[in-house]
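K.L.:
Sharing a structure with you now.
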Amino acid sequence: MKNQTIENEKKQEKQDEEIIENLQVDEKQNNDYKQDAKPAKTKERILSIDRFRGLCFFAFVCSYILPLFGVFDFLTPYVEHDKNGFQILPGVSFADLFVPMFIFVIGLTIIRSFKSREEKVGTRKAYFQLATRFLALIGIGYAFNGFENGWADVFFNDVAFNNLAIVTQVAAIFFWLALAGLIIYIISLFFKNEKFKDISNKIFVYTLAIAGVLAIFFLLVSTAEKITAPAQSKFGGHEWDTLQNIGLAGLLALPFIRYDKWGRLIICGLSFVGLTILMQNGLFPLANTILEGGFIGAFSWSTILLLGSIFADLKDDKLYWVLSSLGLLISVVLIVGYDFIAAKRGCTPVFALFTASVASIIWGGFNFLENINFKFDFLKIWGSNAILTYITTLILALILDTFLGDVLMSLSVWATIPIVLIIFALFTLMNWLLVRKSKYIRI
């Protein structure tokens, strides 16, 4: 009886130990589950990219604001494009470098952005979100070009809206819709209601994306009219500018962003060879008739974007500098030694290779400074809200040129300098306040 009791006690102890062990396992699994269930931390912004972007946009603002003042006439060769500007290589001016840099910067972040979206919403939605973003960029450019090239005359030259081309009328409508959407979106950033922010952002982006789709349609019609001129142009005569370039380049690069860096490099190589053969043998005159190359030039612009994504993957690799130097050497030899056509207007492949190589070298320099922190990081601040800086610059330049153009051109140097300093101080303050509040305008 005693032995039986002892045996039962041992069994009970063993069962208790098993229960405790199971509870510990369950607790560990529960902790692991909670850990996995925690939302991933927001990825930190890469300092060298923000600084490089800041340099690009500071140069962009200078190129739009400074020419409005007569005392800066001596800078004209540095803000003129193609053969009219200060020449770095035959056909490549100093001002031609900055748009490729914008596109290269987007390439530096596109893979990271896609993977982040893919983890959150899946592959299809990630593609959809990025495609919408690039269409929205096209839409912004289209709306502003419409203002500059026609419908502003409704306000300033007593032109009837009904007499404007259909392309310009559509641009006018979307300009006001986009501006209203942007104002609501900016206001939403200062509220804690996340649903309000999300809805405001989607209204803004989708409005611009629809404008982008229409802009591509008008571009294709305009391109067709260059090949076979119709008796009467109904939808043609459409301009294609910087933001449209960026957006269409992104759309053409999207199918390849899931490739590894070597796959993307092969695509870039094939694109370079094929486009170079076509451009050197009759295609360039057609591309050159459309500002920035339109649909034809977009293939070269997309190559710049893909090269940016490749160099982002090679950031800490010794091959980074090998490829940068090799791209620079090949492009210079082809342009100088063999008279290959290098032009921003039309965007020839050798122009794309040269400017992408220059951009990679500049970004490589910023990478060396990545561990150095400044108390007031001017370029980082300027690179934090690129799209807002771009839109604000275009609006400000249009207002100043329209209402004060003659006055600004006649100002003395002592009157000009304080005004310019105030303008740049306001840009800096705008971006600094948004960074301090961790507010970023995105599309």
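Ligands are numbered from 1 in the order shown, residues from 1 within each chain, and chains are lettered A, B, ... in the order they appear in the structure tokens.
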Could you give me, as a PyMOL selection string, the residues within 7 Å of stretch 428-436 of chain A, counting only C-alpha atoms and dropping anything in the same chain fewer than 3 positions from it?
P.N.:
chain A and resi 381-382+384-385+424-425+439-440
K.L.:
Convert the current residue selection to file output with all heavy atoms, as an mmCIF file, in the first residue's frame.
P.N.:
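Once everything was written out, this is out.cif:
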```cif
data_model
loop_
_atom_site.group_PDB
_atom_site.id
_atom_site.type_symbol
_atom_site.label_atom_id
_atom_site.label_comp_id
_atom_site.auth_asym_id
_atom_site.auth_seq_id
_atom_site.Cartn_x
_atom_site.Cartn_y
_atom_site.Cartn_z
ATOM 1 N N ILE A 381 17.746 68.350 -45.333
ATOM 2 C CA ILE A 381 16.464 69.045 -45.173
ATOM 3 C C ILE A 381 15.825 69.305 -46.539
ATOM 4 O O ILE A 381 14.638 69.056 -46.748
ATOM 5 C CB ILE A 381 16.662 70.361 -44.391
ATOM 6 C CG1 ILE A 381 17.008 70.048 -42.935
ATOM 7 C CG2 ILE A 381 15.419 71.233 -44.465
ATOM 8 C CD1 ILE A 381 17.464 71.245 -42.141
ATOM 9 N N TRP A 382 16.627 69.770 -47.483
ATOM 10 C CA TRP A 382 16.103 70.068 -48.821
ATOM 11 C C TRP A 382 15.685 68.810 -49.579
ATOM 12 O O TRP A 382 14.862 68.879 -50.477
ATOM 13 C CB TRP A 382 17.150 70.836 -49.625
ATOM 14 C CG TRP A 382 17.020 72.315 -49.451
ATOM 15 C CD1 TRP A 382 17.289 73.040 -48.329
ATOM 16 C CD2 TRP A 382 16.562 73.245 -50.422
ATOM 17 N NE1 TRP A 382 17.039 74.374 -48.548
ATOM 18 C CE2 TRP A 382 16.586 74.537 -49.834
ATOM 19 C CE3 TRP A 382 16.151 73.141 -51.747
ATOM 20 C CZ2 TRP A 382 16.206 75.688 -50.502
ATOM 21 C CZ3 TRP A 382 15.778 74.302 -52.432
ATOM 22 C CH2 TRP A 382 15.803 75.549 -51.811
ATOM 23 N N SER A 384 14.182 66.166 -48.254
ATOM 24 C CA SER A 384 13.210 65.381 -47.485
ATOM 25 C C SER A 384 11.802 65.402 -48.089
ATOM 26 O O SER A 384 11.044 64.459 -47.938
ATOM 27 C CB SER A 384 13.152 65.891 -46.043
ATOM 28 O OG SER A 384 12.788 67.261 -46.030
ATOM 29 N N ASN A 385 11.434 66.501 -48.746
ATOM 30 C CA ASN A 385 10.089 66.614 -49.330
ATOM 31 C C ASN A 385 10.200 67.092 -50.768
ATOM 32 O O ASN A 385 9.822 68.221 -51.110
ATOM 33 C CB ASN A 385 9.231 67.567 -48.497
ATOM 34 C CG ASN A 385 8.457 66.848 -47.418
ATOM 35 O OD1 ASN A 385 7.508 66.116 -47.702
ATOM 36 N ND2 ASN A 385 8.868 67.039 -46.180
ATOM 37 N N PHE A 424 14.966 81.523 -50.558
ATOM 38 C CA PHE A 424 15.622 80.261 -50.206
ATOM 39 C C PHE A 424 15.473 79.948 -48.721
ATOM 40 O O PHE A 424 15.386 78.780 -48.330
ATOM 41 C CB PHE A 424 17.094 80.304 -50.618
ATOM 42 C CG PHE A 424 17.311 80.028 -52.068
ATOM 43 C CD1 PHE A 424 17.323 81.055 -53.006
ATOM 44 C CD2 PHE A 424 17.475 78.736 -52.526
ATOM 45 C CE1 PHE A 424 17.497 80.804 -54.353
ATOM 46 C CE2 PHE A 424 17.658 78.457 -53.874
ATOM 47 C CZ PHE A 424 17.666 79.503 -54.794
ATOM 48 N N ALA A 425 15.418 80.982 -47.887
ATOM 49 C CA ALA A 425 15.194 80.768 -46.454
ATOM 50 C C ALA A 425 13.801 80.194 -46.205
ATOM 51 O O ALA A 425 13.617 79.307 -45.359
ATOM 52 C CB ALA A 425 15.372 82.081 -45.692
ATOM 53 N N LYS A 439 6.683 64.988 -41.216
ATOM 54 C CA LYS A 439 5.629 65.025 -42.230
ATOM 55 C C LYS A 439 6.280 64.984 -43.612
ATOM 56 O O LYS A 439 7.134 65.802 -43.926
ATOM 57 C CB LYS A 439 4.794 66.310 -42.099
ATOM 58 C CG LYS A 439 4.201 66.538 -40.717
ATOM 59 C CD LYS A 439 3.227 65.459 -40.313
ATOM 60 C CE LYS A 439 2.609 65.755 -38.948
ATOM 61 N NZ LYS A 439 1.709 64.665 -38.512
ATOM 62 N N TYR A 440 5.881 64.002 -44.412
ATOM 63 C CA TYR A 440 6.454 63.846 -45.741
ATOM 64 C C TYR A 440 5.332 63.759 -46.772
ATOM 65 O O TYR A 440 4.419 62.935 -46.638
ATOM 66 C CB TYR A 440 7.337 62.606 -45.818
ATOM 67 C CG TYR A 440 8.469 62.626 -44.823
ATOM 68 C CD1 TYR A 440 8.387 61.924 -43.616
ATOM 69 C CD2 TYR A 440 9.616 63.388 -45.065
ATOM 70 C CE1 TYR A 440 9.434 61.978 -42.689
ATOM 71 C CE2 TYR A 440 10.650 63.434 -44.141
ATOM 72 C CZ TYR A 440 10.552 62.732 -42.964
ATOM 73 O OH TYR A 440 11.587 62.780 -42.044
#
```
K.L.:
Which residues come within 9 Å of A:Pro90, counting only C-alpha atoms, excluding same-chain residues fewer than 5 positions away, as a list of chain:residue names?
P.N.:
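In the requested format, the answer is A:Asp82, A:Lys83, A:Ile335, A:Val336, A:Asp339, A:Ile341, A:Ala342, A:Ala343.
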K.L.:
Quick one, how far is atom CA of A:Leu404 from atom CA of A:Phe72?
P.N.:
15.9 Å
K.L.:
Run DSSP on the backbone of this structure and report the residues of stretch 111-300 of chain A it assigns to helix (DSSP H, G or I), as a PyMOL selection string.
P.N.:
chain A and resi 111-121+123-151+153-156+161-163+166-188+194-227+242-256+261-288+291-300
K.L.:
Which neighbours of stretch 363-379 of chain A fall inside 8 Å, counting only C-alpha atoms, when residues of the same chain fewer than 6 positions from it are skipped, and could you give them as a VMD selection string?
P.N.:
chain A and resid 47 to 55 58 315 428
K.L.:
Mind checking which residues fall within 8 Å of stretch 238-253 of chain A, counting only C-alpha atoms, ignoring those fewer than 2 positions away in the same chain, and posting them as JSON, numbers by chain?
P.N.:
{"A": [99, 102, 103, 131, 133, 134, 135, 136, 137, 138, 139, 140, 141, 142, 145, 167, 218, 219, 222, 235, 236, 255, 256, 257, 290, 291, 292, 293, 294, 295, 298, 299, 300, 301, 302, 303, 305, 306]}
K.L.:
Would you write out those residues with N, CA and C atoms, as a compact mmCIF listing (two decimals), in the first residue's frame?
P.N.:
```txt
# COMPACT_ATOMS: atom_id res chain seq x y z
N VAL A 99 18.23 66.71 -64.53
CA VAL A 99 17.08 65.82 -64.70
C VAL A 99 17.49 64.35 -64.61
N PHE A 102 17.75 63.47 -61.01
CA PHE A 102 16.45 63.23 -60.37
C PHE A 102 16.02 61.78 -60.59
N ILE A 103 16.13 61.35 -61.85
CA ILE A 103 15.69 59.99 -62.20
C ILE A 103 16.59 58.95 -61.56
N ALA A 131 2.85 51.95 -60.02
CA ALA A 131 2.37 52.41 -61.33
C ALA A 131 1.50 53.66 -61.16
N ARG A 133 1.72 55.78 -58.73
CA ARG A 133 2.62 56.87 -58.34
C ARG A 133 3.28 57.49 -59.57
N PHE A 134 3.76 56.67 -60.49
CA PHE A 134 4.42 57.19 -61.68
C PHE A 134 3.43 57.90 -62.62
N LEU A 135 2.22 57.37 -62.71
CA LEU A 135 1.20 58.06 -63.49
C LEU A 135 0.87 59.42 -62.89
N ALA A 136 0.87 59.49 -61.55
CA ALA A 136 0.59 60.76 -60.87
C ALA A 136 1.68 61.79 -61.17
N LEU A 137 2.93 61.35 -61.25
CA LEU A 137 4.02 62.26 -61.60
C LEU A 137 3.80 62.83 -63.01
N ILE A 138 3.39 61.96 -63.92
CA ILE A 138 3.09 62.42 -65.28
C ILE A 138 1.95 63.43 -65.23
N GLY A 139 0.93 63.15 -64.40
CA GLY A 139 -0.21 64.04 -64.27
C GLY A 139 0.16 65.42 -63.77
N ILE A 140 1.08 65.49 -62.79
CA ILE A 140 1.52 66.79 -62.27
C ILE A 140 2.20 67.60 -63.37
N GLY A 141 3.12 66.95 -64.07
CA GLY A 141 3.83 67.64 -65.15
C GLY A 141 2.89 68.11 -66.24
N TYR A 142 1.93 67.27 -66.58
CA TYR A 142 0.95 67.61 -67.62
C TYR A 142 0.12 68.83 -67.22
N ASN A 145 2.34 71.99 -67.37
CA ASN A 145 2.66 72.36 -68.75
C ASN A 145 1.46 72.99 -69.44
N VAL A 167 -6.34 69.41 -75.42
CA VAL A 167 -5.25 69.00 -74.53
C VAL A 167 -5.08 70.02 -73.40
N PHE A 218 -2.38 61.55 -75.11
CA PHE A 218 -2.07 62.72 -75.94
C PHE A 218 -0.65 62.63 -76.51
N LEU A 219 0.28 62.09 -75.74
CA LEU A 219 1.65 61.93 -76.21
C LEU A 219 1.72 60.97 -77.40
N SER A 222 0.34 62.67 -80.39
CA SER A 222 1.30 63.67 -80.87
C SER A 222 2.46 63.01 -81.61
N PHE A 235 -5.88 66.26 -81.07
CA PHE A 235 -5.36 65.95 -79.74
C PHE A 235 -3.85 66.11 -79.63
N GLY A 236 -3.19 66.47 -80.72
CA GLY A 236 -1.73 66.54 -80.72
C GLY A 236 -1.20 67.85 -80.18
N PRO A 255 8.55 46.57 -64.97
CA PRO A 255 8.58 45.11 -65.22
C PRO A 255 9.88 44.43 -64.79
N PHE A 256 10.94 45.21 -64.56
CA PHE A 256 12.25 44.61 -64.31
C PHE A 256 12.73 44.78 -62.86
N ILE A 257 11.92 45.38 -62.00
CA ILE A 257 12.44 45.69 -60.66
C ILE A 257 12.53 44.46 -59.75
N ILE A 290 10.30 65.90 -80.20
CA ILE A 290 9.44 65.89 -79.01
C ILE A 290 10.29 66.27 -77.81
N LEU A 291 9.86 67.28 -77.06
CA LEU A 291 10.63 67.72 -75.90
C LEU A 291 10.94 66.54 -74.99
N GLU A 292 12.22 66.38 -74.64
CA GLU A 292 12.72 65.29 -73.78
C GLU A 292 12.58 63.90 -74.40
N GLY A 293 12.20 63.84 -75.67
CA GLY A 293 12.17 62.55 -76.35
C GLY A 293 10.85 61.84 -76.33
N GLY A 294 9.92 62.31 -75.47
CA GLY A 294 8.61 61.68 -75.42
C GLY A 294 8.68 60.20 -75.13
N PHE A 295 7.87 59.41 -75.86
CA PHE A 295 7.81 57.97 -75.62
C PHE A 295 9.11 57.29 -76.05
N ALA A 298 11.88 57.92 -73.52
CA ALA A 298 11.58 57.31 -72.22
C ALA A 298 12.33 56.01 -71.99
N PHE A 299 12.66 55.30 -73.05
CA PHE A 299 13.41 54.05 -72.89
C PHE A 299 14.82 54.33 -72.34
N SER A 300 15.43 55.41 -72.80
CA SER A 300 16.75 55.77 -72.26
C SER A 300 16.63 56.31 -70.84
N TRP A 301 15.58 57.11 -70.58
CA TRP A 301 15.38 57.60 -69.21
C TRP A 301 15.17 56.44 -68.25
N SER A 302 14.44 55.42 -68.68
CA SER A 302 14.22 54.26 -67.80
C SER A 302 15.52 53.51 -67.53
N THR A 303 16.45 53.55 -68.49
CA THR A 303 17.76 52.94 -68.28
C THR A 303 18.50 53.66 -67.15
N LEU A 305 17.13 55.14 -64.63
CA LEU A 305 16.47 54.73 -63.38
C LEU A 305 16.94 53.34 -62.96
N LEU A 306 17.00 52.41 -63.91
CA LEU A 306 17.45 51.04 -63.59
C LEU A 306 18.92 51.03 -63.16
```
K.L.:
For A:Leu97, find every residue with an atom within 12 Å (counting only C-alpha atoms), except residues of its own chain fewer than 6 positions away, and show them as an MDAnalysis selection string.
P.N.:
chainID A and resid 56 59:60 78:82 85:89 91 103:104 304 343:344 347 351:360 362
K.L.:
Between atom CA of A:Ile216 and atom CA of A:Ile296, measure the distance and give it in Å to one decimal.
P.N.:
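Separation of atom CA of A:Ile216 and atom CA of A:Ile296: 12.3 Å.
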K.L.:
Please measure the separation of atom CA of A:Phe340 and atom CA of A:Val105, giving the value in Å to one decimal.
P.N.:
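Here the two named atoms are 25.9 Å from each other.
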K.L.:
Which polymer residues have any atom within 12 Å of an atom of stretch 74-77 of chain A, counting only C-alpha atoms, with same-chain residues fewer than 6 positions away left out, as JSON, numbers by chain?
P.N.:
{"A": [62, 63, 64, 65, 66, 67, 68, 83, 84, 85, 86, 87, 88, 93, 94, 95, 96]}
K.L.:
If you keep C-alpha atoms, can you produce a file of those selected residues as a short mmCIF file (atom, residue, chain, number, x, y, z; two decimals), in the first residue's frame?
P.N.:
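result_35.cif, written as the output of this step:
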```cif
data_model
loop_
_atom_site.label_atom_id
_atom_site.label_comp_id
_atom_site.auth_asym_id
_atom_site.auth_seq_id
_atom_site.Cartn_x
_atom_site.Cartn_y
_atom_site.Cartn_z
CA CYS A 62 18.23 77.89 -58.47
CA SER A 63 17.61 77.18 -62.16
CA TYR A 64 14.01 78.39 -61.90
CA ILE A 65 14.32 81.31 -59.47
CA LEU A 66 17.65 82.98 -60.29
CA PRO A 67 16.95 83.59 -64.02
CA LEU A 68 13.93 85.70 -62.98
CA LYS A 83 23.96 73.23 -77.38
CA ASN A 84 22.78 76.58 -76.00
CA GLY A 85 24.29 75.97 -72.57
CA PHE A 86 27.78 75.63 -71.14
CA GLN A 87 29.14 72.49 -72.79
CA ILE A 88 30.64 69.64 -70.78
CA SER A 93 25.43 71.07 -71.23
CA PHE A 94 25.88 71.61 -67.50
CA ALA A 95 22.11 72.08 -67.04
CA ASP A 96 21.47 68.75 -68.76
#
```
K.L.:
Pick out the closest residue to A:Leu177 from this set: A:Gln129, A:Asn162, A:Thr392, A:Thr207. Count only C-alpha atoms.
P.N.:
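Closest to A:Leu177, using only C-alpha atoms: A:Thr207.
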K.L.:
Skipping near chain neighbours, those fewer than 5 positions away, what residues fall within 8 Å of stretch 109-111 of chain A using only C-alpha atoms, listed as a list in words?
P.N.:
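My reading of the contact set: Ile257, Arg258, Ser309 and Ala312 of chain A.
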